[in-house]
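The data block below is my_file16.pdb; it holds PDB, N, CA and C atoms, pLDDT in the B column.
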```pdb
ATOM      1  N   MET Z1262       1.946   6.361   5.161  1.00 84.00           N
ATOM      2  CA  MET Z1262       2.569   5.960   3.923  1.00 84.00           C
ATOM      3  C   MET Z1262       2.558   7.166   2.979  1.00 84.00           C
ATOM      4  N   THR Z1263       3.671   7.381   2.305  1.00 88.00           N
ATOM      5  CA  THR Z1263       3.807   8.537   1.418  1.00 88.00           C
ATOM      6  C   THR Z1263       3.819   8.098  -0.040  1.00 88.00           C
ATOM      7  N   ILE Z1264       3.728   9.059  -0.919  1.00 89.00           N
ATOM      8  CA  ILE Z1264       3.822   8.779  -2.357  1.00 89.00           C
ATOM      9  C   ILE Z1264       5.193   8.212  -2.694  1.00 89.00           C
ATOM     10  N   ASP Z1265       6.226   8.648  -1.965  1.00 92.00           N
ATOM     11  CA  ASP Z1265       7.571   8.103  -2.171  1.00 92.00           C
ATOM     12  C   ASP Z1265       7.617   6.616  -1.825  1.00 92.00           C
ATOM     13  N   ASP Z1266       6.869   6.227  -0.794  1.00 91.00           N
ATOM     14  CA  ASP Z1266       6.805   4.809  -0.430  1.00 91.00           C
ATOM     15  C   ASP Z1266       6.177   3.997  -1.564  1.00 91.00           C
ATOM     16  N   PHE Z1267       5.082   4.502  -2.114  1.00 88.00           N
ATOM     17  CA  PHE Z1267       4.426   3.823  -3.234  1.00 88.00           C
ATOM     18  C   PHE Z1267       5.377   3.709  -4.427  1.00 88.00           C
ATOM     19  N   TYR Z1268       6.017   4.811  -4.766  1.00 91.00           N
ATOM     20  CA  TYR Z1268       6.939   4.818  -5.898  1.00 91.00           C
ATOM     21  C   TYR Z1268       8.107   3.862  -5.658  1.00 91.00           C
ATOM     22  N   SER Z1269       8.589   3.806  -4.432  1.00 93.00           N
ATOM     23  CA  SER Z1269       9.672   2.881  -4.091  1.00 93.00           C
ATOM     24  C   SER Z1269       9.230   1.441  -4.295  1.00 93.00           C
ATOM     25  N   PHE Z1270       8.028   1.123  -3.845  1.00 90.00           N
ATOM     26  CA  PHE Z1270       7.519  -0.237  -4.023  1.00 90.00           C
ATOM     27  C   PHE Z1270       7.371  -0.572  -5.504  1.00 90.00           C
ATOM     28  N   ILE Z1271       6.839   0.349  -6.285  1.00 91.00           N
ATOM     29  CA  ILE Z1271       6.666   0.105  -7.721  1.00 91.00           C
ATOM     30  C   ILE Z1271       8.022  -0.123  -8.390  1.00 91.00           C
ATOM     31  N   THR Z1272       9.012   0.669  -8.017  1.00 93.00           N
ATOM     32  CA  THR Z1272      10.359   0.503  -8.569  1.00 93.00           C
ATOM     33  C   THR Z1272      10.938  -0.845  -8.174  1.00 93.00           C
ATOM     34  N   LEU Z1273      10.777  -1.226  -6.920  1.00 90.00           N
ATOM     35  CA  LEU Z1273      11.230  -2.549  -6.474  1.00 90.00           C
ATOM     36  C   LEU Z1273      10.490  -3.656  -7.217  1.00 90.00           C
ATOM     37  N   TYR Z1274       9.203  -3.473  -7.405  1.00 90.00           N
ATOM     38  CA  TYR Z1274       8.388  -4.461  -8.108  1.00 90.00           C
ATOM     39  C   TYR Z1274       8.927  -4.669  -9.522  1.00 90.00           C
ATOM     40  N   LYS Z1275       9.267  -3.585 -10.185  1.00 90.00           N
ATOM     41  CA  LYS Z1275       9.728  -3.673 -11.575  1.00 90.00           C
ATOM     42  C   LYS Z1275      11.149  -4.211 -11.695  1.00 90.00           C
ATOM     43  N   THR Z1276      12.036  -3.809 -10.789  1.00 90.00           N
ATOM     44  CA  THR Z1276      13.441  -4.219 -10.901  1.00 90.00           C
ATOM     45  C   THR Z1276      13.727  -5.561 -10.241  1.00 90.00           C
ATOM     46  N   ARG Z1277      12.968  -5.871  -9.191  1.00 88.00           N
ATOM     47  CA  ARG Z1277      13.168  -7.103  -8.407  1.00 88.00           C
ATOM     48  C   ARG Z1277      14.576  -7.180  -7.830  1.00 88.00           C
ATOM     49  N   ASN Z1278      15.205  -6.006  -7.643  1.00 87.00           N
ATOM     50  CA  ASN Z1278      16.559  -5.954  -7.115  1.00 87.00           C
ATOM     51  C   ASN Z1278      16.716  -4.681  -6.299  1.00 87.00           C
ATOM     52  N   ILE Z1279      17.081  -4.832  -5.026  1.00 88.00           N
ATOM     53  CA  ILE Z1279      17.146  -3.671  -4.136  1.00 88.00           C
ATOM     54  C   ILE Z1279      18.247  -2.692  -4.537  1.00 88.00           C
ATOM     55  N   SER Z1280      19.375  -3.198  -5.025  1.00 90.00           N
ATOM     56  CA  SER Z1280      20.458  -2.303  -5.455  1.00 90.00           C
ATOM     57  C   SER Z1280      20.040  -1.472  -6.656  1.00 90.00           C
ATOM     58  N   ASP Z1281      19.457  -2.121  -7.657  1.00 92.00           N
ATOM     59  CA  ASP Z1281      19.024  -1.412  -8.858  1.00 92.00           C
ATOM     60  C   ASP Z1281      17.916  -0.415  -8.537  1.00 92.00           C
ATOM     61  N   ALA Z1282      16.995  -0.809  -7.673  1.00 93.00           N
ATOM     62  CA  ALA Z1282      15.897   0.084  -7.296  1.00 93.00           C
ATOM     63  C   ALA Z1282      16.433   1.299  -6.541  1.00 93.00           C
ATOM     64  N   ALA Z1283      17.370   1.077  -5.638  1.00 95.00           N
ATOM     65  CA  ALA Z1283      17.948   2.190  -4.874  1.00 95.00           C
ATOM     66  C   ALA Z1283      18.660   3.172  -5.799  1.00 95.00           C
ATOM     67  N   ILE Z1284      19.367   2.652  -6.782  1.00 96.00           N
ATOM     68  CA  ILE Z1284      20.045   3.524  -7.752  1.00 96.00           C
ATOM     69  C   ILE Z1284      19.012   4.316  -8.547  1.00 96.00           C
ATOM     70  N   ALA Z1285      17.963   3.641  -9.016  1.00 96.00           N
ATOM     71  CA  ALA Z1285      16.919   4.307  -9.791  1.00 96.00           C
ATOM     72  C   ALA Z1285      16.216   5.394  -8.978  1.00 96.00           C
ATOM     73  N   LEU Z1286      16.081   5.155  -7.686  1.00 96.00           N
ATOM     74  CA  LEU Z1286      15.406   6.110  -6.801  1.00 96.00           C
ATOM     75  C   LEU Z1286      16.349   7.170  -6.238  1.00 96.00           C
ATOM     76  N   ASN Z1287      17.651   6.959  -6.468  1.00 97.00           N
ATOM     77  CA  ASN Z1287      18.682   7.861  -5.968  1.00 97.00           C
ATOM     78  C   ASN Z1287      18.673   7.950  -4.439  1.00 97.00           C
ATOM     79  N   ILE Z1288      18.525   6.780  -3.799  1.00 96.00           N
ATOM     80  CA  ILE Z1288      18.604   6.682  -2.339  1.00 96.00           C
ATOM     81  C   ILE Z1288      19.490   5.494  -1.997  1.00 96.00           C
ATOM     82  N   THR Z1289      19.852   5.372  -0.737  1.00 95.00           N
ATOM     83  CA  THR Z1289      20.681   4.249  -0.322  1.00 95.00           C
ATOM     84  C   THR Z1289      19.827   2.983  -0.200  1.00 95.00           C
ATOM     85  N   GLN Z1290      20.503   1.851  -0.255  1.00 92.00           N
ATOM     86  CA  GLN Z1290      19.812   0.574  -0.083  1.00 92.00           C
ATOM     87  C   GLN Z1290      19.151   0.496   1.288  1.00 92.00           C
ATOM     88  N   SER Z1291      19.839   1.004   2.302  1.00 93.00           N
ATOM     89  CA  SER Z1291      19.274   0.941   3.655  1.00 93.00           C
ATOM     90  C   SER Z1291      18.028   1.818   3.772  1.00 93.00           C
ATOM     91  N   ALA Z1292      18.022   2.978   3.113  1.00 95.00           N
ATOM     92  CA  ALA Z1292      16.838   3.840   3.137  1.00 95.00           C
ATOM     93  C   ALA Z1292      15.666   3.162   2.432  1.00 95.00           C
ATOM     94  N   LEU Z1293      15.954   2.487   1.340  1.00 94.00           N
ATOM     95  CA  LEU Z1293      14.910   1.765   0.610  1.00 94.00           C
ATOM     96  C   LEU Z1293      14.381   0.600   1.445  1.00 94.00           C
ATOM     97  N   SER Z1294      15.262  -0.121   2.076  1.00 91.00           N
ATOM     98  CA  SER Z1294      14.841  -1.230   2.936  1.00 91.00           C
ATOM     99  C   SER Z1294      13.970  -0.732   4.084  1.00 91.00           C
ATOM    100  N   LYS Z1295      14.340   0.409   4.640  1.00 94.00           N
ATOM    101  CA  LYS Z1295      13.560   0.997   5.736  1.00 94.00           C
ATOM    102  C   LYS Z1295      12.164   1.396   5.244  1.00 94.00           C
ATOM    103  N   ARG Z1296      12.084   1.989   4.065  1.00 94.00           N
ATOM    104  CA  ARG Z1296      10.777   2.345   3.499  1.00 94.00           C
ATOM    105  C   ARG Z1296       9.902   1.108   3.337  1.00 94.00           C
ATOM    106  N   LEU Z1297      10.493   0.064   2.774  1.00 92.00           N
ATOM    107  CA  LEU Z1297       9.745  -1.174   2.555  1.00 92.00           C
ATOM    108  C   LEU Z1297       9.294  -1.776   3.881  1.00 92.00           C
ATOM    109  N   ARG Z1298      10.188  -1.812   4.850  1.00 92.00           N
ATOM    110  CA  ARG Z1298       9.865  -2.350   6.169  1.00 92.00           C
ATOM    111  C   ARG Z1298       8.713  -1.575   6.808  1.00 92.00           C
ATOM    112  N   ASN Z1299       8.771  -0.239   6.723  1.00 93.00           N
ATOM    113  CA  ASN Z1299       7.714   0.598   7.289  1.00 93.00           C
ATOM    114  C   ASN Z1299       6.378   0.376   6.586  1.00 93.00           C
ATOM    115  N   MET Z1300       6.410   0.251   5.265  1.00 92.00           N
ATOM    116  CA  MET Z1300       5.176  -0.022   4.512  1.00 92.00           C
ATOM    117  C   MET Z1300       4.558  -1.342   4.944  1.00 92.00           C
ATOM    118  N   GLN Z1301       5.398  -2.355   5.041  1.00 92.00           N
ATOM    119  CA  GLN Z1301       4.915  -3.681   5.406  1.00 92.00           C
ATOM    120  C   GLN Z1301       4.348  -3.682   6.818  1.00 92.00           C
ATOM    121  N   GLN Z1302       4.966  -2.939   7.724  1.00 94.00           N
ATOM    122  CA  GLN Z1302       4.443  -2.839   9.082  1.00 94.00           C
ATOM    123  C   GLN Z1302       3.107  -2.106   9.097  1.00 94.00           C
ATOM    124  N   GLU Z1303       3.019  -1.022   8.334  1.00 94.00           N
ATOM    125  CA  GLU Z1303       1.777  -0.259   8.283  1.00 94.00           C
ATOM    126  C   GLU Z1303       0.640  -1.078   7.673  1.00 94.00           C
ATOM    127  N   LEU Z1304       0.960  -1.859   6.645  1.00 92.00           N
ATOM    128  CA  LEU Z1304      -0.052  -2.685   5.986  1.00 92.00           C
ATOM    129  C   LEU Z1304      -0.269  -4.019   6.690  1.00 92.00           C
ATOM    130  N   ASP Z1305       0.624  -4.345   7.617  1.00 94.00           N
ATOM    131  CA  ASP Z1305       0.580  -5.607   8.363  1.00 94.00           C
ATOM    132  C   ASP Z1305       0.594  -6.824   7.432  1.00 94.00           C
ATOM    133  N   THR Z1306       1.469  -6.756   6.438  1.00 91.00           N
ATOM    134  CA  THR Z1306       1.641  -7.872   5.510  1.00 91.00           C
ATOM    135  C   THR Z1306       3.023  -7.793   4.870  1.00 91.00           C
ATOM    136  N   THR Z1307       3.478  -8.886   4.322  1.00 90.00           N
ATOM    137  CA  THR Z1307       4.753  -8.929   3.613  1.00 90.00           C
ATOM    138  C   THR Z1307       4.487  -8.714   2.134  1.00 90.00           C
ATOM    139  N   LEU Z1308       5.099  -7.689   1.559  1.00 91.00           N
ATOM    140  CA  LEU Z1308       4.917  -7.384   0.147  1.00 91.00           C
ATOM    141  C   LEU Z1308       5.987  -8.033  -0.714  1.00 91.00           C
ATOM    142  N   ILE Z1309       7.194  -8.100  -0.182  1.00 87.00           N
ATOM    143  CA  ILE Z1309       8.335  -8.627  -0.933  1.00 87.00           C
ATOM    144  C   ILE Z1309       9.129  -9.560  -0.046  1.00 87.00           C
ATOM    145  N   SER Z1310       9.434 -10.737  -0.574  1.00 85.00           N
ATOM    146  CA  SER Z1310      10.279 -11.686   0.141  1.00 85.00           C
ATOM    147  C   SER Z1310      11.732 -11.407  -0.208  1.00 85.00           C
ATOM    148  N   THR Z1311      12.560 -11.322   0.814  1.00 75.00           N
ATOM    149  CA  THR Z1311      13.985 -11.037   0.593  1.00 75.00           C
ATOM    150  C   THR Z1311      14.853 -12.265   0.848  1.00 75.00           C
ATOM    151  N   ARG Z1312      14.273 -13.437   0.708  1.00 75.00           N
ATOM    152  CA  ARG Z1312      15.064 -14.663   0.914  1.00 75.00           C
ATOM    153  C   ARG Z1312      16.224 -14.746  -0.058  1.00 75.00           C
ATOM    154  N   ASN Z1313      15.966 -14.435  -1.325  1.00 68.00           N
ATOM    155  CA  ASN Z1313      17.011 -14.421  -2.335  1.00 68.00           C
ATOM    156  C   ASN Z1313      17.446 -12.972  -2.533  1.00 68.00           C
ATOM    157  N   LYS Z1314      18.632 -12.632  -2.065  1.00 63.00           N
ATOM    158  CA  LYS Z1314      19.095 -11.244  -2.097  1.00 63.00           C
ATOM    159  C   LYS Z1314      19.338 -10.733  -3.519  1.00 63.00           C
ATOM    160  N   ARG Z1315      19.626 -11.623  -4.448  1.00 67.00           N
ATOM    161  CA  ARG Z1315      19.892 -11.199  -5.823  1.00 67.00           C
ATOM    162  C   ARG Z1315      18.611 -10.884  -6.593  1.00 67.00           C
ATOM    163  N   GLN Z1316      17.567 -11.628  -6.326  1.00 69.00           N
ATOM    164  CA  GLN Z1316      16.284 -11.417  -7.018  1.00 69.00           C
ATOM    165  C   GLN Z1316      15.172 -11.500  -5.993  1.00 69.00           C
ATOM    166  N   LEU Z1317      14.535 -10.374  -5.746  1.00 81.00           N
ATOM    167  CA  LEU Z1317      13.443 -10.332  -4.782  1.00 81.00           C
ATOM    168  C   LEU Z1317      12.226 -11.045  -5.350  1.00 81.00           C
ATOM    169  N   THR Z1318      11.423 -11.594  -4.467  1.00 85.00           N
ATOM    170  CA  THR Z1318      10.196 -12.269  -4.865  1.00 85.00           C
ATOM    171  C   THR Z1318       9.020 -11.469  -4.332  1.00 85.00           C
ATOM    172  N   ILE Z1319       8.097 -11.165  -5.222  1.00 88.00           N
ATOM    173  CA  ILE Z1319       6.894 -10.452  -4.821  1.00 88.00           C
ATOM    174  C   ILE Z1319       5.919 -11.482  -4.240  1.00 88.00           C
ATOM    175  N   THR Z1320       5.421 -11.208  -3.056  1.00 86.00           N
ATOM    176  CA  THR Z1320       4.465 -12.118  -2.429  1.00 86.00           C
ATOM    177  C   THR Z1320       3.092 -11.933  -3.069  1.00 86.00           C
ATOM    178  N   GLU Z1321       2.175 -12.812  -2.729  1.00 86.00           N
ATOM    179  CA  GLU Z1321       0.813 -12.682  -3.227  1.00 86.00           C
ATOM    180  C   GLU Z1321       0.209 -11.341  -2.788  1.00 86.00           C
ATOM    181  N   SER Z1322       0.471 -10.957  -1.546  1.00 88.00           N
ATOM    182  CA  SER Z1322      -0.008  -9.662  -1.048  1.00 88.00           C
ATOM    183  C   SER Z1322       0.609  -8.511  -1.837  1.00 88.00           C
ATOM    184  N   GLY Z1323       1.881  -8.648  -2.183  1.00 86.00           N
ATOM    185  CA  GLY Z1323       2.559  -7.627  -2.982  1.00 86.00           C
ATOM    186  C   GLY Z1323       1.968  -7.504  -4.364  1.00 86.00           C
ATOM    187  N   GLU Z1324       1.627  -8.637  -4.966  1.00 82.00           N
ATOM    188  CA  GLU Z1324       0.987  -8.626  -6.291  1.00 82.00           C
ATOM    189  C   GLU Z1324      -0.357  -7.907  -6.225  1.00 82.00           C
ATOM    190  N   VAL Z1325      -1.158  -8.238  -5.217  1.00 86.00           N
ATOM    191  CA  VAL Z1325      -2.469  -7.606  -5.055  1.00 86.00           C
ATOM    192  C   VAL Z1325      -2.301  -6.105  -4.822  1.00 86.00           C
ATOM    193  N   PHE Z1326      -1.361  -5.737  -3.976  1.00 85.00           N
ATOM    194  CA  PHE Z1326      -1.107  -4.323  -3.682  1.00 85.00           C
ATOM    195  C   PHE Z1326      -0.708  -3.579  -4.963  1.00 85.00           C
ATOM    196  N   PHE Z1327       0.173  -4.176  -5.748  1.00 86.00           N
ATOM    197  CA  PHE Z1327       0.625  -3.544  -6.988  1.00 86.00           C
ATOM    198  C   PHE Z1327      -0.533  -3.360  -7.964  1.00 86.00           C
ATOM    199  N   VAL Z1328      -1.294  -4.405  -8.168  1.00 82.00           N
ATOM    200  CA  VAL Z1328      -2.404  -4.342  -9.137  1.00 82.00           C
ATOM    201  C   VAL Z1328      -3.437  -3.311  -8.719  1.00 82.00           C
ATOM    202  N   THR Z1329      -3.716  -3.208  -7.439  1.00 83.00           N
ATOM    203  CA  THR Z1329      -4.748  -2.281  -6.984  1.00 83.00           C
ATOM    204  C   THR Z1329      -4.262  -0.842  -6.847  1.00 83.00           C
ATOM    205  N   HIS Z1330      -2.949  -0.623  -6.892  1.00 72.00           N
ATOM    206  CA  HIS Z1330      -2.413   0.737  -6.697  1.00 72.00           C
ATOM    207  C   HIS Z1330      -1.536   1.237  -7.837  1.00 72.00           C
ATOM    208  N   LYS Z1331      -1.465   0.550  -8.944  1.00 66.00           N
ATOM    209  CA  LYS Z1331      -0.532   0.948 -10.002  1.00 66.00           C
ATOM    210  C   LYS Z1331      -1.023   2.074 -10.884  1.00 66.00           C
ATOM    211  N   ARG Z1332      -2.226   2.493 -10.747  1.00 61.00           N
ATOM    212  CA  ARG Z1332      -2.769   3.561 -11.593  1.00 61.00           C
ATOM    213  C   ARG Z1332      -1.942   4.763 -11.475  1.00 61.00           C
TER
END
```
Represent the structure contained in this file as structure tokens.
Amino acid sequence: MTIDDFYSFITLYKTRNISDAAIALNITQSALSKRLRNMQQELDTTLISTRNKRQLTITESGEVFFVTHKR
């Protein structure tokens, strides 16, 4: 996991929208999705639920991850 992965997650956490986060990060939506997928695989947990494509939902694991790593 890289610092870019952390920053991507924080941006997604704040925007709750993959399109807006990708624009803010200046990367494609697919690159952002790949980063998130890789993070979740490495952590073996789901950080963000993508059931609603317009507004992402942060899972309980995602909330814990954000709170413990937002410094």
Which residues, written as number ranges by chain, have at least one atom at most 12 Å from region 1277-1283 of chain Z, with only C-alpha atoms counted and residues fewer than 6 positions away on the same chain left out? Z: 1268-1271, 1289-1297, 1308-1320, 1323
I'd like the interatomic distance between CA of Glu1303 (chain Z) and CA of Phe1326 (chain Z), to a tenth of an Å. 13.0 Å
In terms of the shortest atom-to-atom distance over only C-alpha atoms, which of Z:Val1325, Z:Met1262, Z:Leu1273, Z:Ile1284 is closest to Asn1299 (chain Z)? Z:Met1262
Between CA of Asp1266 (chain Z) and CA of Thr1329 (chain Z), what is the spacing in Å?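 Spanning CA of Thr1329 (chain Z) to CA of Asp1266 (chain Z) is a straight-line distance of 15.1 Å.
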Identify, with DSSP run on backbone atoms, the residues in chain Z assigned to strand (DSSP E or B), and express the list as a PyMOL selection string. chain Z and resi 1309-1310+1318-1319
Where in chain Z does DSSP assign helix (DSSP H, G or I), given as a VMD selection string? chain Z and resid 1264 to 1276 1279 to 1286 1290 to 1304 1321 to 1330
Rounded to one decimal place, report the atom C of Asp1305 (chain Z)-atom C of Ile1264 (chain Z) distance in Å.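 Atom-to-atom, atom C of Asp1305 (chain Z) and atom C of Ile1264 (chain Z) are spaced 18.7 Å apart.
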